[in-house]
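Next comes start04.tsv, a file with TSV, C-alpha atoms and all ligand atoms.
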```
chain	number	residue	atom	x	y	z
A	1	MET	CA	143.93	70.15	92.09
A	2	LYS	CA	140.63	69.01	90.58
A	3	ILE	CA	137.51	70.86	91.63
A	4	TYR	CA	134.01	69.46	91.28
A	5	ILE	CA	131.38	71.81	89.90
A	6	ASP	CA	127.94	70.46	88.99
A	7	GLY	CA	129.03	66.98	88.03
A	8	LYS	CA	132.29	67.81	86.26
A	9	PHE	CA	135.89	68.20	87.38
A	10	TYR	CA	137.96	71.27	86.52
A	11	ASP	CA	141.56	72.29	87.11
A	12	ARG	CA	141.93	74.99	89.73
A	13	GLY	CA	142.47	77.75	87.14
A	14	GLU	CA	139.44	76.65	85.14
A	15	ALA	CA	137.05	76.22	88.08
A	16	ARG	CA	134.72	79.20	87.79
A	17	ILE	CA	131.19	80.21	88.67
A	18	SER	CA	129.05	82.98	87.23
A	19	VAL	CA	129.28	86.53	88.60
A	20	PHE	CA	125.46	86.35	88.62
A	21	ASP	CA	125.46	83.45	91.08
A	22	HIS	CA	123.42	84.52	94.11
A	23	GLY	CA	125.99	82.81	96.33
A	24	LEU	CA	128.35	85.61	95.32
A	25	LEU	CA	125.80	88.42	94.95
A	26	TYR	CA	123.96	87.84	98.23
A	27	GLY	CA	125.68	85.07	100.17
A	28	ASP	CA	122.65	82.97	99.25
A	29	GLY	CA	123.82	79.42	99.76
A	30	ILE	CA	125.11	76.93	102.29
A	31	PHE	CA	128.30	75.01	102.93
A	32	GLU	CA	130.12	72.36	104.94
A	33	GLY	CA	133.75	72.01	106.02
A	34	ILE	CA	134.75	68.35	106.38
A	35	ARG	CA	138.02	66.64	107.34
A	36	ILE	CA	139.80	63.71	105.77
A	37	TYR	CA	141.88	61.75	108.27
A	38	ASN	CA	143.97	58.79	107.29
A	39	GLY	CA	142.15	58.36	103.98
A	40	LYS	CA	138.67	58.43	105.57
A	41	VAL	CA	136.16	61.26	105.40
A	42	PHE	CA	135.28	62.10	109.01
A	43	LYS	CA	131.55	62.11	109.89
A	44	LEU	CA	130.51	62.43	106.25
A	45	LYS	CA	126.92	61.34	106.88
A	46	GLU	CA	126.52	63.94	109.64
A	47	HIS	CA	127.86	66.70	107.37
A	48	ILE	CA	125.61	65.68	104.47
A	49	ASP	CA	122.67	65.54	106.83
A	50	ARG	CA	123.40	69.06	108.17
A	51	LEU	CA	123.82	70.34	104.59
A	52	TYR	CA	120.38	69.05	103.57
A	53	HIS	CA	118.83	70.49	106.73
A	54	SER	CA	120.40	73.89	105.99
A	55	ALA	CA	119.05	73.62	102.43
A	56	LYS	CA	115.56	72.72	103.63
A	57	ALA	CA	115.54	75.64	106.06
A	58	ILE	CA	116.31	78.16	103.28
A	59	LEU	CA	114.07	76.48	100.65
A	60	LEU	CA	116.99	75.50	98.48
A	61	ASP	CA	116.42	72.37	96.40
A	62	ILE	CA	119.75	70.63	96.05
A	63	PRO	CA	119.67	69.08	92.57
A	64	MET	CA	120.92	65.69	93.79
A	65	GLN	CA	120.09	63.16	96.47
A	66	PRO	CA	122.18	62.84	99.68
A	67	ALA	CA	123.62	59.49	98.49
A	68	GLY	CA	124.77	61.11	95.24
A	69	MET	CA	126.28	63.99	97.20
A	70	GLU	CA	128.23	61.55	99.37
A	71	GLN	CA	129.51	59.85	96.24
A	72	ALA	CA	130.53	63.18	94.70
A	73	VAL	CA	132.49	64.08	97.86
A	74	LEU	CA	134.26	60.70	97.91
A	75	GLU	CA	135.04	60.96	94.20
A	76	THR	CA	136.56	64.43	94.69
A	77	VAL	CA	138.72	63.10	97.53
A	78	SER	CA	140.01	60.18	95.46
A	79	MET	CA	140.43	62.31	92.32
A	80	ASN	CA	142.78	64.52	94.39
A	81	ALA	CA	144.43	61.53	96.12
A	82	LYS	CA	143.84	63.13	99.52
A	83	VAL	CA	144.80	61.09	102.59
A	84	ASP	CA	144.65	63.99	105.06
A	85	GLY	CA	142.92	67.20	104.18
A	86	TYR	CA	139.90	69.41	104.26
A	87	ILE	CA	136.85	69.40	102.02
A	88	ARG	CA	134.80	72.50	101.30
A	89	LEU	CA	131.35	71.55	100.03
A	90	ILE	CA	129.27	74.50	98.81
A	91	VAL	CA	125.77	74.74	97.39
A	92	THR	CA	124.92	78.15	95.98
A	93	ARG	CA	121.47	79.33	94.92
A	94	GLY	CA	122.86	79.43	91.38
A	95	GLU	CA	122.94	81.91	88.55
A	96	GLY	CA	120.07	84.40	88.49
A	97	ALA	CA	119.02	87.96	87.83
A	98	LEU	CA	120.18	91.08	89.71
A	99	GLY	CA	117.62	91.12	92.50
A	100	LEU	CA	117.15	89.06	95.63
A	101	ASP	CA	114.40	86.75	94.38
A	102	PRO	CA	115.77	83.19	94.48
A	103	ALA	CA	112.99	82.12	92.10
A	104	GLN	CA	115.06	83.85	89.39
A	105	CYS	CA	117.80	81.27	89.89
A	106	GLU	CA	117.26	78.20	87.77
A	107	ARG	CA	119.56	75.66	89.34
A	108	PRO	CA	121.67	75.58	92.49
A	109	SER	CA	125.37	74.92	91.93
A	110	VAL	CA	127.31	72.27	93.82
A	111	ILE	CA	131.02	72.90	94.32
A	112	ILE	CA	133.45	70.54	96.06
A	113	ILE	CA	137.06	71.41	96.83
A	114	ALA	CA	139.42	68.91	98.48
A	115	GLY	CA	142.36	70.87	99.85
A	116	ASP	CA	144.45	71.28	102.98
A	117	ILE	CA	143.92	73.10	106.23
A	118	GLN	CA	146.28	74.23	108.98
A	119	LEU	CA	144.51	76.77	111.13
A	120	TYR	CA	146.87	76.85	114.09
A	121	PRO	CA	150.44	75.74	114.79
A	122	GLN	CA	150.89	72.73	117.11
A	123	GLU	CA	152.27	74.81	120.02
A	124	TYR	CA	148.89	76.55	120.43
A	125	TYR	CA	147.29	73.17	121.18
A	126	GLU	CA	149.83	72.72	123.98
A	127	LYS	CA	149.67	76.24	125.42
A	128	GLY	CA	146.16	77.36	124.48
A	129	ILE	CA	145.06	80.63	122.92
A	130	ALA	CA	143.75	83.96	124.20
A	131	VAL	CA	140.31	85.16	123.12
A	132	VAL	CA	138.27	88.33	123.64
A	133	THR	CA	134.54	88.94	123.76
A	134	ALA	CA	133.51	90.71	120.58
A	135	ALA	CA	131.16	93.69	120.54
A	136	THR	CA	129.63	92.25	117.34
A	137	ARG	CA	126.77	89.98	118.35
A	138	ARG	CA	125.79	86.66	116.81
A	139	MET	CA	122.83	86.92	114.46
A	140	PRO	CA	119.60	86.48	116.49
A	141	SER	CA	118.07	83.06	115.87
A	142	ASP	CA	114.78	84.63	114.86
A	143	SER	CA	116.65	86.49	112.07
A	144	LEU	CA	118.77	83.61	110.82
A	145	ASP	CA	118.80	80.35	112.71
A	146	PRO	CA	122.40	79.62	113.79
A	147	ARG	CA	121.95	76.00	112.74
A	148	ILE	CA	121.84	77.08	109.09
A	149	LYS	CA	125.43	76.96	107.87
A	150	SER	CA	124.94	79.72	105.33
A	151	LEU	CA	127.41	81.52	103.08
A	152	ASN	CA	126.71	84.67	105.07
A	153	TYR	CA	129.50	85.09	107.63
A	154	LEU	CA	129.84	88.85	107.72
A	155	ASN	CA	129.10	89.35	111.41
A	156	ASN	CA	131.42	86.46	112.31
A	157	ILE	CA	134.10	88.06	110.12
A	158	MET	CA	133.64	91.40	111.91
A	159	ALA	CA	134.05	89.61	115.25
A	160	LYS	CA	137.20	87.90	113.94
A	161	VAL	CA	138.57	91.34	112.94
A	162	GLU	CA	137.85	92.56	116.49
A	163	ALA	CA	139.84	89.62	117.86
A	164	LYS	CA	142.79	90.45	115.61
A	165	GLN	CA	142.63	94.12	116.58
A	166	ALA	CA	142.76	93.10	120.23
A	167	GLY	CA	145.86	90.98	119.52
A	168	CYS	CA	143.95	87.68	119.87
A	169	LEU	CA	143.27	84.86	117.46
A	170	GLU	CA	139.61	84.34	118.24
A	171	ALA	CA	136.58	86.09	119.65
A	172	VAL	CA	133.68	84.87	121.75
A	173	MET	CA	130.38	86.07	120.34
A	174	LEU	CA	127.40	86.79	122.58
A	175	ASN	CA	123.81	86.63	121.39
A	176	HIS	CA	121.52	89.67	121.45
A	177	GLU	CA	120.60	88.91	125.07
A	178	GLY	CA	124.21	88.75	126.20
A	179	TYR	CA	124.46	84.98	126.51
A	180	VAL	CA	127.55	83.27	125.15
A	181	SER	CA	126.87	81.70	121.75
A	182	GLU	CA	130.13	80.52	120.21
A	183	CYS	CA	133.38	81.72	118.66
A	184	THR	CA	133.57	83.08	115.10
A	185	ALA	CA	133.81	79.63	113.47
A	186	ASP	CA	133.99	77.27	116.43
A	187	ASN	CA	131.80	76.14	119.31
A	188	ILE	CA	132.82	76.89	122.87
A	189	PHE	CA	132.95	74.70	125.97
A	190	ILE	CA	133.89	75.29	129.60
A	191	VAL	CA	134.54	73.00	132.53
A	192	SER	CA	133.00	74.15	135.76
A	193	ARG	CA	132.90	72.08	138.98
A	194	GLY	CA	133.82	68.99	136.98
A	195	THR	CA	130.97	69.38	134.46
A	196	LEU	CA	131.46	70.09	130.77
A	197	LEU	CA	129.16	72.90	129.69
A	198	THR	CA	128.39	74.34	126.26
A	199	PRO	CA	125.69	76.75	125.05
A	200	ALA	CA	122.59	75.04	123.68
A	201	PRO	CA	122.16	75.82	119.94
A	202	HIS	CA	119.21	78.14	120.57
A	203	TYR	CA	121.57	80.55	122.34
A	204	GLY	CA	123.09	81.17	118.90
A	205	ALA	CA	125.46	78.29	118.29
A	206	LEU	CA	125.91	76.17	115.21
A	207	ASP	CA	125.04	72.54	115.91
A	208	GLY	CA	128.69	71.66	115.43
A	209	ILE	CA	129.71	68.17	114.44
A	210	THR	CA	132.91	68.38	116.49
A	211	ARG	CA	130.75	69.70	119.35
A	212	ALA	CA	128.50	66.62	119.12
A	213	THR	CA	131.55	64.35	118.92
A	214	VAL	CA	133.04	65.96	122.04
A	215	LEU	CA	129.76	65.62	123.95
A	216	ASP	CA	129.67	61.90	123.03
A	217	MET	CA	133.31	61.36	123.96
A	218	ALA	CA	132.83	63.13	127.30
A	219	GLU	CA	129.84	60.95	128.11
A	220	SER	CA	131.75	57.79	127.33
A	221	CYS	CA	134.63	59.02	129.53
A	222	GLY	CA	132.12	59.51	132.38
A	223	ILE	CA	132.42	63.32	132.34
A	224	PRO	CA	129.04	64.95	133.13
A	225	VAL	CA	127.86	67.25	130.32
A	226	SER	CA	125.20	69.93	129.99
A	227	GLU	CA	123.94	72.05	127.08
A	228	THR	CA	122.90	75.20	128.82
A	229	ALA	CA	123.02	79.01	129.04
A	230	LEU	CA	126.40	80.58	129.72
A	231	THR	CA	127.30	84.16	130.53
A	232	ARG	CA	130.67	85.91	130.58
A	233	TYR	CA	130.73	85.31	134.35
A	234	ASP	CA	130.72	81.56	133.62
A	235	LEU	CA	133.62	81.97	131.21
A	236	TYR	CA	135.61	84.11	133.66
A	237	THR	CA	135.16	81.66	136.53
A	238	ALA	CA	135.60	78.46	134.50
A	239	ALA	CA	138.30	75.96	135.44
A	240	GLU	CA	138.91	75.11	131.76
A	241	CYS	CA	137.78	76.35	128.39
A	242	PHE	CA	138.22	75.15	124.82
A	243	MET	CA	136.71	75.63	121.41
A	244	THR	CA	135.81	72.98	118.85
A	245	GLY	CA	135.47	72.90	115.08
A	246	THR	CA	136.27	70.83	112.04
A	247	GLY	CA	139.32	72.94	111.23
A	248	ALA	CA	140.52	73.76	114.77
A	249	GLU	CA	139.54	70.37	116.27
A	250	ILE	CA	139.82	70.95	120.06
A	251	MET	CA	141.75	74.13	120.91
A	252	PRO	CA	142.38	75.04	124.57
A	253	VAL	CA	141.48	78.63	125.52
A	254	THR	CA	143.68	79.86	128.36
A	255	LYS	CA	142.87	83.57	128.50
A	256	ILE	CA	139.52	85.35	128.08
A	257	ASP	CA	139.31	89.16	128.04
A	258	GLY	CA	142.72	89.35	129.71
A	259	ARG	CA	141.75	86.95	132.54
A	260	LEU	CA	143.53	83.62	132.95
A	261	VAL	CA	141.32	80.54	132.64
A	262	GLY	CA	142.11	78.34	135.65
A	263	ASP	CA	145.88	78.47	136.10
A	264	GLY	CA	146.39	79.68	132.53
A	265	ARG	CA	147.27	76.27	131.12
A	266	PRO	CA	145.14	73.70	129.29
A	267	GLY	CA	143.27	71.72	131.94
A	268	PRO	CA	143.09	67.95	132.50
A	269	ILE	CA	139.63	67.42	130.97
A	270	THR	CA	140.59	69.43	127.89
A	271	LYS	CA	143.77	67.36	127.48
A	272	ARG	CA	141.88	64.12	127.96
A	273	LEU	CA	139.36	65.09	125.27
A	274	ILE	CA	142.13	66.17	122.88
A	275	ASP	CA	143.73	62.72	123.27
A	276	ALA	CA	140.40	60.93	122.86
A	277	PHE	CA	139.65	62.97	119.72
A	278	ARG	CA	143.07	62.15	118.20
A	279	ASN	CA	142.48	58.45	118.83
A	280	LEU	CA	139.00	58.63	117.35
A	281	VAL	CA	139.99	60.33	114.09
A	282	LEU	CA	142.90	57.96	113.56
A	283	GLN	CA	140.70	54.87	113.88
A	284	LYS	CA	140.42	53.01	110.60
A	285	ASN	CA	136.63	52.76	110.41
A	286	LEU	CA	134.92	56.00	111.24
M	301	LIG	N1	130.36	77.59	114.62
M	301	LIG	C1	130.50	78.15	113.41
M	301	LIG	C2	129.92	79.51	113.18
M	301	LIG	C3	131.17	77.47	112.39
M	301	LIG	O1	131.30	78.01	111.18
M	301	LIG	C4	131.69	76.17	112.65
M	301	LIG	C5	132.39	75.41	111.57
M	301	LIG	N2	133.69	75.87	111.34
M	301	LIG	C6	131.55	75.64	113.94
M	301	LIG	C7	130.85	76.38	114.90
M	301	LIG	C8	132.07	74.27	114.28
M	301	LIG	O2	131.28	73.29	113.65
M	301	LIG	P1	131.86	71.90	113.17
M	301	LIG	O3	132.40	71.22	114.35
M	301	LIG	O4	130.70	71.19	112.57
M	301	LIG	O5	132.93	72.20	112.18
```

If you took the structure in this file and wrote it as structure tokens, what would it be?
Ligand code: PMP
Amino acid sequence: MKIYIDGKFYDRGEARISVFDHGLLYGDGIFEGIRIYNGKVFKLKEHIDRLYHSAKAILLDIPMQPAGMEQAVLETVSMNAKVDGYIRLIVTRGEGALGLDPAQCERPSVIIIAGDIQLYPQEYYEKGIAVVTAATRRMPSDSLDPRIKSLNYLNNIMAKVEAKQAGCLEAVMLNHEGYVSECTADNIFIVSRGTLLTPAPHYGALDGITRATVLDMAESCGIPVSETALTRYDLYTAAECFMTGTGAEIMPVTKIDGRLVGDGRPGPITKRLIDAFRNLVLQKNL
């Protein structure tokens, strides 16, 4: 495996960053997770765009232009001869002094890893998964805007631990007002009275690229969609539920806090969207 760090490629064992990098010391940095399907990088422009928006929001000057970043990603993919896989693109604040001040960091570091991902076995996509509502809340958007895909995932990790402790694979996170925001690393959708509903980003959700893809696909299938406010009541009374993310793709959720969603099996709209998503990612020109 060849890993890109600041313009050079290193073998896995040689790929290292400084222990003084503020990405490690303080989680000061941003990242993207991107899929490679059939030799094509899925929604690369959208991911690069979100990366530069995250950077702008935290005053991080990425030391290369978006076009150069795209090139670096594509080069890493071809260097590793990846046809199907997962790219982790990270920009850290860079090496600095002990102390929070990012001005002490001279140059952000860009790291690109092209590897593999298998979050869930196939049978879960057919049967769905059980989730619980976590007591750990999503970071309030006036503390850290959920649209910033930062290296700071500690509250999501705590919610994931809660899910595991409850014998589930995932947790639903609420925002500080009790509205549904998202899962620990995935967006959430429900189907209610034939409409596809998902929390608007300002309720504490990442502006997910799979989320946007699903909203587009639903519209072209003639399924009404709405970005709105959702409470646990909406989850408990939903006909269908699923989560979306680059790694998980579209995962049916069939149990929430011990209650069956619909009849406890993935619903027809969820299945239709899973099929549409499969067809989309396998198209030659994305
Ligand atoms: N929410 C969070 C907190 C995430 O980290 C992610 C990415 N894994 C998502 C939602 C899904 O976003 P995307 O579809 O862009 O991968």

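Residues of protein, DNA or RNA lying at most 7 Å from ligand LIG 301 (chain M), when only C-alpha atoms and all ligand atoms are considered, are Gly33, Lys149, Glu182, Cys183, Thr184, Ala185, Asp186, Asn187, Ala205, Leu206, Asp207, Gly208, Ile209, Thr210, Arg211, Thr244, Gly245, Thr246 and Gly247 of chain A.
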
Neighbour list for Ser181 (chain A) as number ranges by chain, cut-off 7 Å, only C-alpha atoms, skip fewer than 3 positions in-chain = A: 173-175, 199, 203-205

query = When distances are computed from all atoms listed in the file, which of A:Leu89, A:Leu25, A:Cys241, A:Leu280 shows the smallest separation from Phe42 (chain A)?
reply = A:Leu280

inquiry  = Using all atoms listed in the file, can you tell me which of A:Ile58, A:Ile269, A:Leu230, A:Val253 comes closest to Thr195 (chain A)?
reply    =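 Closest candidate: A:Ile269.
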
List the neighbours of His22 (chain A) out to 10 Å using all atoms listed in the file; skip same-chain residues closer than 2 positions along the sequence, and give me the result as a PDB file with C-alpha atoms, in the coordinates of the input.
```pdb
ATOM      1  CA  SER A  18     129.050  82.980  87.230  1.00  0.00           C
ATOM      2  CA  VAL A  19     129.280  86.530  88.600  1.00  0.00           C
ATOM      3  CA  PHE A  20     125.460  86.350  88.620  1.00  0.00           C
ATOM      4  CA  LEU A  24     128.350  85.610  95.320  1.00  0.00           C
ATOM      5  CA  LEU A  25     125.800  88.420  94.950  1.00  0.00           C
ATOM      6  CA  TYR A  26     123.960  87.840  98.230  1.00  0.00           C
ATOM      7  CA  GLY A  27     125.680  85.070 100.170  1.00  0.00           C
ATOM      8  CA  ASP A  28     122.650  82.970  99.250  1.00  0.00           C
ATOM      9  CA  GLY A  29     123.820  79.420  99.760  1.00  0.00           C
ATOM     10  CA  THR A  92     124.920  78.150  95.980  1.00  0.00           C
ATOM     11  CA  ARG A  93     121.470  79.330  94.920  1.00  0.00           C
ATOM     12  CA  GLY A  94     122.860  79.430  91.380  1.00  0.00           C
ATOM     13  CA  GLU A  95     122.940  81.910  88.550  1.00  0.00           C
ATOM     14  CA  GLY A  96     120.070  84.400  88.490  1.00  0.00           C
ATOM     15  CA  ALA A  97     119.020  87.960  87.830  1.00  0.00           C
ATOM     16  CA  LEU A  98     120.180  91.080  89.710  1.00  0.00           C
ATOM     17  CA  GLY A  99     117.620  91.120  92.500  1.00  0.00           C
ATOM     18  CA  LEU A 100     117.150  89.060  95.630  1.00  0.00           C
ATOM     19  CA  ASP A 101     114.400  86.750  94.380  1.00  0.00           C
ATOM     20  CA  PRO A 102     115.770  83.190  94.480  1.00  0.00           C
ATOM     21  CA  GLN A 104     115.060  83.850  89.390  1.00  0.00           C
ATOM     22  CA  CYS A 105     117.800  81.270  89.890  1.00  0.00           C
ATOM     23  CA  PRO A 108     121.670  75.580  92.490  1.00  0.00           C
TER      24      PRO A 108
END
```

I'd like the contact shell of region 75-83 of chain A - 9 Å cut-off, only C-alpha atoms, skipping same-chain residues fewer than 4 positions apart - returned as a compact mmCIF listing (two decimals) with C-alpha atoms, keeping the file's coordinate frame.
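Final file, part31.txt:
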```
# COMPACT_ATOMS: atom_id res chain seq x y z
CA MET A 1 143.93 70.15 92.09
CA LYS A 2 140.63 69.01 90.58
CA ILE A 3 137.51 70.86 91.63
CA TYR A 4 134.01 69.46 91.28
CA PHE A 9 135.89 68.20 87.38
CA ILE A 36 139.80 63.71 105.77
CA TYR A 37 141.88 61.75 108.27
CA ASN A 38 143.97 58.79 107.29
CA GLY A 39 142.15 58.36 103.98
CA LYS A 40 138.67 58.43 105.57
CA VAL A 41 136.16 61.26 105.40
CA GLU A 70 128.23 61.55 99.37
CA GLN A 71 129.51 59.85 96.24
CA ILE A 87 136.85 69.40 102.02
CA ILE A 112 133.45 70.54 96.06
CA ILE A 113 137.06 71.41 96.83
CA ALA A 114 139.42 68.91 98.48
CA GLY A 115 142.36 70.87 99.85
CA ASP A 116 144.45 71.28 102.98
```

inquiry  = Please compute the CA of Ile48 (chain A)-CA of Leu196 (chain A) distance, one decimal, in Å.
reply    =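 CA of Leu196 (chain A) lies at a distance of 27.3 Å from CA of Ile48 (chain A).
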
request  = Have a look at A:Pro201, A:Pro66, A:Gly13, A:Gly128 and name the one nearest to Ile256 (chain A); count only C-alpha atoms.
outcome  =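 Among A:Pro201, A:Pro66, A:Gly13, A:Gly128, it is A:Gly128 that comes nearest to Ile256 (chain A).
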